[in-house]
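Student: Before anything else, here's the structure in question.
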Amino acid sequence: MNVPDFLIPVKKYTGRPGCFHWPATAILSGFRAADLPPLQQLADDIARNRIGKAKFVLNSSGFATVSVRRNNHIKNPEAYRIIISPAGIEIYAASDAGGYYAVQTLRDLLALQGKKLSCCLIEDWPDFTRRGVYHDCSRGKVPTLKTLKQLVERLAHWKINELQLYIENVFKFRRHPDIGKGYSPFTADEILDLQDYCKLHHVKLVGSLASLGHTEKILMLPKYRYLAELPGFRNYPGGTTLCPTNPRSIKLVSELYEELVPLFEAEDFNVCGDEPWELGKGRSKKHADRFGAGEVYLEYLKKLYRLCRKHNKRMNLWADIILKYPELLGKIPEDVVLLNWDYNVNGERIRRTKKIADAGFSFMVCPGTSSWNTHGTRLVNAIGNVTQSARQGLKHKAEGLLNTDWGDNGHRNFLGVSLHGFAHGAAHSWNSKSVDNKTFTEKFCTYLFGPAGKKLAKAVRTLGSTYLTCGAPHRNECALFYTLVEPIDKTKAFNPSRIDAVSDVGLKKIVSQLSDASIWPLPSGNLAEFESLALQELKLAAEMDCLAAQKALAAKQIRKTKNVPAVQLKNIARKIHRISDEFAELWMARNKLSRLRDNLKLFRQSEKECLKLAKS
């Protein structure tokens, strides 16, 4: 029996004799109106692959090529059964969501087998109840509503059923209008529009707002700086954390919640609460010295909990501080959902998942795409991180897996580069045991980009390994992300200097591997806009890494007081200028203007320095 090579593997596939042939006009029958959106997707695929035409019938008892029906004997609400016979295709599910996921599997079969499908029985259901993606919209890049809708449709096709948008300040608060200025914030209407679209595809849009730490963009505004725990921390005017003992901190958060939280229909709301680095070190120090920093955190947490209860939400909370002060596990409300995040293979915190489970809390395991602080992901780490998190989640009965995608330091990383991580996380969320990590990249590239996928997979792997090849595999970053914009002048170098850390041998290898643009095929006419942009983003990410390596090689020579020809420096400057223009174009293809200028400023500074050195 040859099981089709699904990107999101199914639980049970039983081959049967014979084949089903798509007719010239396929009749697609749904049980409810909710079946029409996925059946429309199937109809579009039938047309796109030149298999034939399709027409819809709702709740028909007559003949149908594909019929979607409900079956109350299927116990898991998201499970489904597909029966493919020579006479037609029957789908049974207990719910609208199950019917939707069945059609997604059928779409994949069509993509794999075309006009003739092998007869079979498929029985399928998910590993985790919550299968989420957490998308950073606050580090400079705010996606357009169109981009988010396109992303939702892809995630739902991979059977993801939850999306959280990370918001620090990128919402247009009526009562606090200064908070989002200059960041192209979301409006209430945009959130509601996106939520309606999510519901069509059985995705819950779950609210999320930084409510303690990571509030530097609010605290940098003079009118809010009095709320800071430790002004000036990490060179931020107001530091990064609200003072938990100042009653006006929770008053501000309460006012922000009043506008944001009621927009979301989902029962869960993520208050974040992670990485309050200054906790107990500034204005709350006296209280922390007396009672302990953990107790200071707990008291503030209880206030956030009461706000969530006020809005009839179940509080979700990043688990890092609770695990730092494990005595708090016995003191926080028992219905809090803990989000145990860890972004490194075999990370210490993910190994402590059992502690959360043993304490009786609902929880999610939260790996990451490893796409931030890089141009092209840390692919090996991402694959291992998701795999380990899924294993821990299944072992200890997690409620779900929430795959995070961040945008630290200006969000120079592209959405297209994160798609591999989203799909891999989705596969492990649905059926972790059956995911073949070794072949996943080939499957992914073929599914997204068609016949060129196998060749493209090699390029994606090469790009995803530069963090190792460069000789400076720092935690949570690829050094090339920094060498592209780090000043060549040693007196202005980053601390620590990534240029000093990378190796000549590794840099030369990267230049050799990535300087050949032909490893990235041109977008074909069959590619949708979303995937076509992703291919362009991958190509530019590779060019950025290649240029970062070339610049670092020149910088290392200059720092050793060795001569670098002016023509070489001018060539690097020209490449920076070109890449800056292409970067801006791709940014605006998916995103609002927001903080594009922050990245362009870094590019211009690097270009000017190279030109200045060429003249000296």
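We name chains A, B, ... following the order of the structure tokens; residues begin at 1 in each chain, and ligands are numbered from 1 as shown.
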Residues of range 485-504 of chain A that approach range 510-530 of chain A to 12 Å or less, counting only C-alpha atoms: could you list each one with the shortest pair of atoms and its distance in Å to one decimal, rows by chain and increasing residue number, as JSON lines?

Tutor:
```
{"residue": "A:Val502", "atom": "CA", "partner": "A:Ile510", "partner_atom": "CA", "distance": 11.4}
{"residue": "A:Ser503", "atom": "CA", "partner": "A:Ile510", "partner_atom": "CA", "distance": 10.7}
{"residue": "A:Asp504", "atom": "CA", "partner": "A:Ile510", "partner_atom": "CA", "distance": 9.9}
```

Student: Write a file of the selected residues as a PDB file, in the first residue's frame, keeping N, CA and C atoms.

Tutor:
```
ATOM      1  N   VAL A 502      32.401  35.856  13.388  1.00  0.00           N
ATOM      2  CA  VAL A 502      32.258  34.943  12.250  1.00  0.00           C
ATOM      3  C   VAL A 502      33.633  34.560  11.699  1.00  0.00           C
ATOM      4  N   SER A 503      33.683  33.415  11.007  1.00  0.00           N
ATOM      5  CA  SER A 503      34.957  32.904  10.492  1.00  0.00           C
ATOM      6  C   SER A 503      35.101  33.175   9.003  1.00  0.00           C
ATOM      7  N   ASP A 504      36.326  33.429   8.568  1.00  0.00           N
ATOM      8  CA  ASP A 504      36.599  33.669   7.150  1.00  0.00           C
ATOM      9  C   ASP A 504      36.184  32.463   6.308  1.00  0.00           C
TER      10      ASP A 504
END
```

Student: Give me, as a list in words, the residues of range 24-78 of chain A that a backbone DSSP run labels strand (DSSP E or B).

Tutor: Thr25, Ala26, Ile27, Leu28, Ser29, Gly30, Lys53, Ala54, Lys55, Phe56, Val57, Leu58, Val66, Ser67, Val68, Arg69 and Arg70 of chain A

Student: Can those selected residues be exported to a file as a short mmCIF file (atom, residue, chain, number, x, y, z; two decimals), in the first residue's frame so that it contains N, CA and C atoms?

Tutor:
```
data_model
loop_
_atom_site.label_atom_id
_atom_site.label_comp_id
_atom_site.auth_asym_id
_atom_site.auth_seq_id
_atom_site.Cartn_x
_atom_site.Cartn_y
_atom_site.Cartn_z
N THR A 25 -17.62 17.53 -15.31
CA THR A 25 -18.26 18.47 -14.39
C THR A 25 -18.53 17.75 -13.08
N ALA A 26 -17.86 18.18 -12.05
CA ALA A 26 -18.02 17.55 -10.73
C ALA A 26 -19.13 18.25 -9.95
N ILE A 27 -20.01 17.46 -9.35
CA ILE A 27 -21.07 18.00 -8.51
C ILE A 27 -20.61 17.91 -7.06
N LEU A 28 -20.50 19.06 -6.41
CA LEU A 28 -20.00 19.13 -5.04
C LEU A 28 -21.16 19.45 -4.12
N SER A 29 -21.47 18.54 -3.21
CA SER A 29 -22.64 18.67 -2.36
C SER A 29 -22.24 18.86 -0.90
N GLY A 30 -22.75 19.93 -0.29
CA GLY A 30 -22.48 20.19 1.13
C GLY A 30 -23.71 19.97 1.97
N LYS A 53 -14.73 21.13 -14.50
CA LYS A 53 -15.52 22.18 -13.88
C LYS A 53 -16.20 21.61 -12.64
N ALA A 54 -16.84 22.51 -11.88
CA ALA A 54 -17.56 22.06 -10.68
C ALA A 54 -18.78 22.93 -10.47
N LYS A 55 -19.83 22.33 -9.92
CA LYS A 55 -20.99 23.10 -9.50
C LYS A 55 -21.46 22.59 -8.13
N PHE A 56 -22.16 23.46 -7.41
CA PHE A 56 -22.51 23.17 -6.02
C PHE A 56 -23.98 22.81 -5.87
N VAL A 57 -24.22 21.91 -4.91
CA VAL A 57 -25.58 21.57 -4.50
C VAL A 57 -25.56 21.52 -2.97
N LEU A 58 -26.52 22.19 -2.34
CA LEU A 58 -26.54 22.21 -0.88
C LEU A 58 -27.57 21.22 -0.34
N VAL A 66 -18.78 14.65 -5.06
CA VAL A 66 -18.24 14.76 -3.71
C VAL A 66 -19.38 15.18 -2.80
N SER A 67 -19.65 14.39 -1.77
CA SER A 67 -20.70 14.75 -0.82
C SER A 67 -20.09 14.89 0.58
N VAL A 68 -20.47 15.97 1.26
CA VAL A 68 -20.01 16.22 2.63
C VAL A 68 -21.21 16.09 3.54
N ARG A 69 -21.13 15.19 4.49
CA ARG A 69 -22.26 14.90 5.39
C ARG A 69 -21.80 14.90 6.85
N ARG A 70 -22.76 15.02 7.76
CA ARG A 70 -22.45 14.94 9.19
C ARG A 70 -22.73 13.53 9.70
#
```

Student: Which of these residues is nearest to Lys551 in chain A, using only C-alpha atoms: A:Thr147, A:Ser249, A:Ser362, A:Ser606?

Tutor: A:Ser606

Student: Set the distance at 8 Å and use only C-alpha atoms: which residues neighbour Lys570 in chain A once local chain neighbours fewer than 2 positions away are removed? I'd like the list as a list of chain:residue names.

Tutor: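 Answer for this query is A:Ala566, A:Val567, A:Gln568, A:Ile572, A:Ala573, A:Arg574, A:Cys610, A:Leu611, A:Ala614.
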
Student: In Å, rounded to a single decimal, give me how far CA of Ile218 in chain A is from CA of Pro177 in chain A.

Tutor: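 The value is 11.0 Å.
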
Student: Fewer than 4 positions away in the same chain doesn't count, so skip those; otherwise give me all residues within 6 Å of range 126-141 of chain A, counting only C-alpha atoms, as an mmCIF file with C-alpha atoms, in the first residue's frame.

Tutor:
```cif
data_model
loop_
_atom_site.group_PDB
_atom_site.id
_atom_site.type_symbol
_atom_site.label_atom_id
_atom_site.label_comp_id
_atom_site.auth_asym_id
_atom_site.auth_seq_id
_atom_site.Cartn_x
_atom_site.Cartn_y
_atom_site.Cartn_z
ATOM 1 C CA ILE A 160 -4.264 25.245 12.097
ATOM 2 C CA ASN A 161 -7.272 26.417 14.120
ATOM 3 C CA GLU A 162 -5.940 29.386 16.108
ATOM 4 C CA LEU A 163 -4.172 32.651 15.287
ATOM 5 C CA GLN A 164 -2.826 35.145 17.791
ATOM 6 C CA LEU A 165 -1.436 38.517 16.733
ATOM 7 C CA TYR A 166 1.222 39.832 19.107
ATOM 8 C CA ILE A 167 0.340 43.421 19.988
ATOM 9 C CA GLU A 168 2.464 45.741 22.103
ATOM 10 C CA GLU A 399 -4.136 21.420 25.332
ATOM 11 C CA GLY A 400 -2.271 22.592 22.279
ATOM 12 C CA LEU A 401 0.823 23.672 20.401
ATOM 13 C CA LEU A 402 1.323 27.390 19.694
ATOM 14 C CA ASN A 403 4.040 27.983 17.102
ATOM 15 C CA THR A 404 5.561 31.446 17.542
ATOM 16 C CA ASP A 405 7.008 33.722 14.888
ATOM 17 C CA TRP A 406 8.780 36.826 16.157
ATOM 18 C CA GLY A 407 10.299 39.909 14.528
ATOM 19 C CA ASP A 408 12.987 41.124 16.925
ATOM 20 C CA GLY A 410 13.043 45.686 13.306
ATOM 21 C CA HIS A 411 11.427 42.569 11.819
ATOM 22 C CA SER A 429 0.209 19.727 15.779
ATOM 23 C CA TRP A 430 -2.032 17.403 13.772
ATOM 24 C CA ASN A 431 -0.115 14.120 13.608
ATOM 25 C CA ARG A 595 8.595 51.224 10.756
#
```

Student: Write down as a PyMOL selection string the residues belonging to range 110-336 of chain A that are assigned helix (DSSP H, G or I) by DSSP computed on the backbone.

Tutor: chain A and resi 110-113+145-157+177-180+188-200+216-219+222-227+233-235+247-263+285-291+293-310+320-324+326-330

Student: Please report the interatomic distance between CA of Asn599 in chain A and CA of Asn373 in chain A in Å with one decimal.

Tutor: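 Pair CA of Asn599 in chain A / CA of Asn373 in chain A returns 13.0 Å.
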
Student: Just want the 6 Å neighbourhood of range 1-18 of chain A, counted on only C-alpha atoms, with same-chain residues fewer than 2 positions away dropped. Output as a PyMOL selection string.

Tutor: chain A and resi 119-124+427

Student: Those same residues, written as a PDB file, in the first residue's frame with N, CA and C atoms?

Tutor:
```pdb
ATOM      1  N   CYS A 119      -8.549   4.668  -4.919  1.00  0.00           N
ATOM      2  CA  CYS A 119      -9.630   4.405  -3.970  1.00  0.00           C
ATOM      3  C   CYS A 119      -9.048   4.112  -2.588  1.00  0.00           C
ATOM      4  N   CYS A 120      -9.715   4.602  -1.557  1.00  0.00           N
ATOM      5  CA  CYS A 120      -9.163   4.443  -0.207  1.00  0.00           C
ATOM      6  C   CYS A 120     -10.198   4.824   0.838  1.00  0.00           C
ATOM      7  N   LEU A 121      -9.843   4.542   2.076  1.00  0.00           N
ATOM      8  CA  LEU A 121     -10.568   5.024   3.246  1.00  0.00           C
ATOM      9  C   LEU A 121      -9.568   5.817   4.089  1.00  0.00           C
ATOM     10  N   ILE A 122      -9.917   7.047   4.416  1.00  0.00           N
ATOM     11  CA  ILE A 122      -9.068   7.881   5.285  1.00  0.00           C
ATOM     12  C   ILE A 122      -9.853   8.191   6.545  1.00  0.00           C
ATOM     13  N   GLU A 123      -9.251   7.906   7.688  1.00  0.00           N
ATOM     14  CA  GLU A 123      -9.819   8.266   8.989  1.00  0.00           C
ATOM     15  C   GLU A 123      -8.797   9.132   9.706  1.00  0.00           C
ATOM     16  N   ASP A 124      -9.218  10.310  10.119  1.00  0.00           N
ATOM     17  CA  ASP A 124      -8.224  11.283  10.581  1.00  0.00           C
ATOM     18  C   ASP A 124      -8.767  12.138  11.723  1.00  0.00           C
ATOM     19  N   ALA A 427       2.031  20.377  10.933  1.00  0.00           N
ATOM     20  CA  ALA A 427       2.101  18.923  10.764  1.00  0.00           C
ATOM     21  C   ALA A 427       2.267  18.230  12.113  1.00  0.00           C
TER      22      ALA A 427
END
```

Student: Considering only C-alpha atoms, return as a list in words whatever protein or nucleic-acid residues lie within 8 Å of Thr245 in chain A, sequence-local ones (same chain, fewer than 3 positions apart) excluded.

Tutor: Ser249, Arg283, Ser284, Val296 and Tyr300 of chain A

Student: Measuring between only C-alpha atoms, which one of A:Leu117, A:Leu602, A:Leu419, A:Ala382 shows the shortest distance to Phe481 in chain A?

Tutor: A:Leu602

Student: Restricting the calculation to only C-alpha atoms: of A:Gln195, A:Thr240, A:Thr377, A:Gln113, which residue gets closest to Phe264 in chain A?

Tutor: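 Nearest candidate to Phe264 in chain A out of A:Gln195, A:Thr240, A:Thr377, A:Gln113: A:Gln195.
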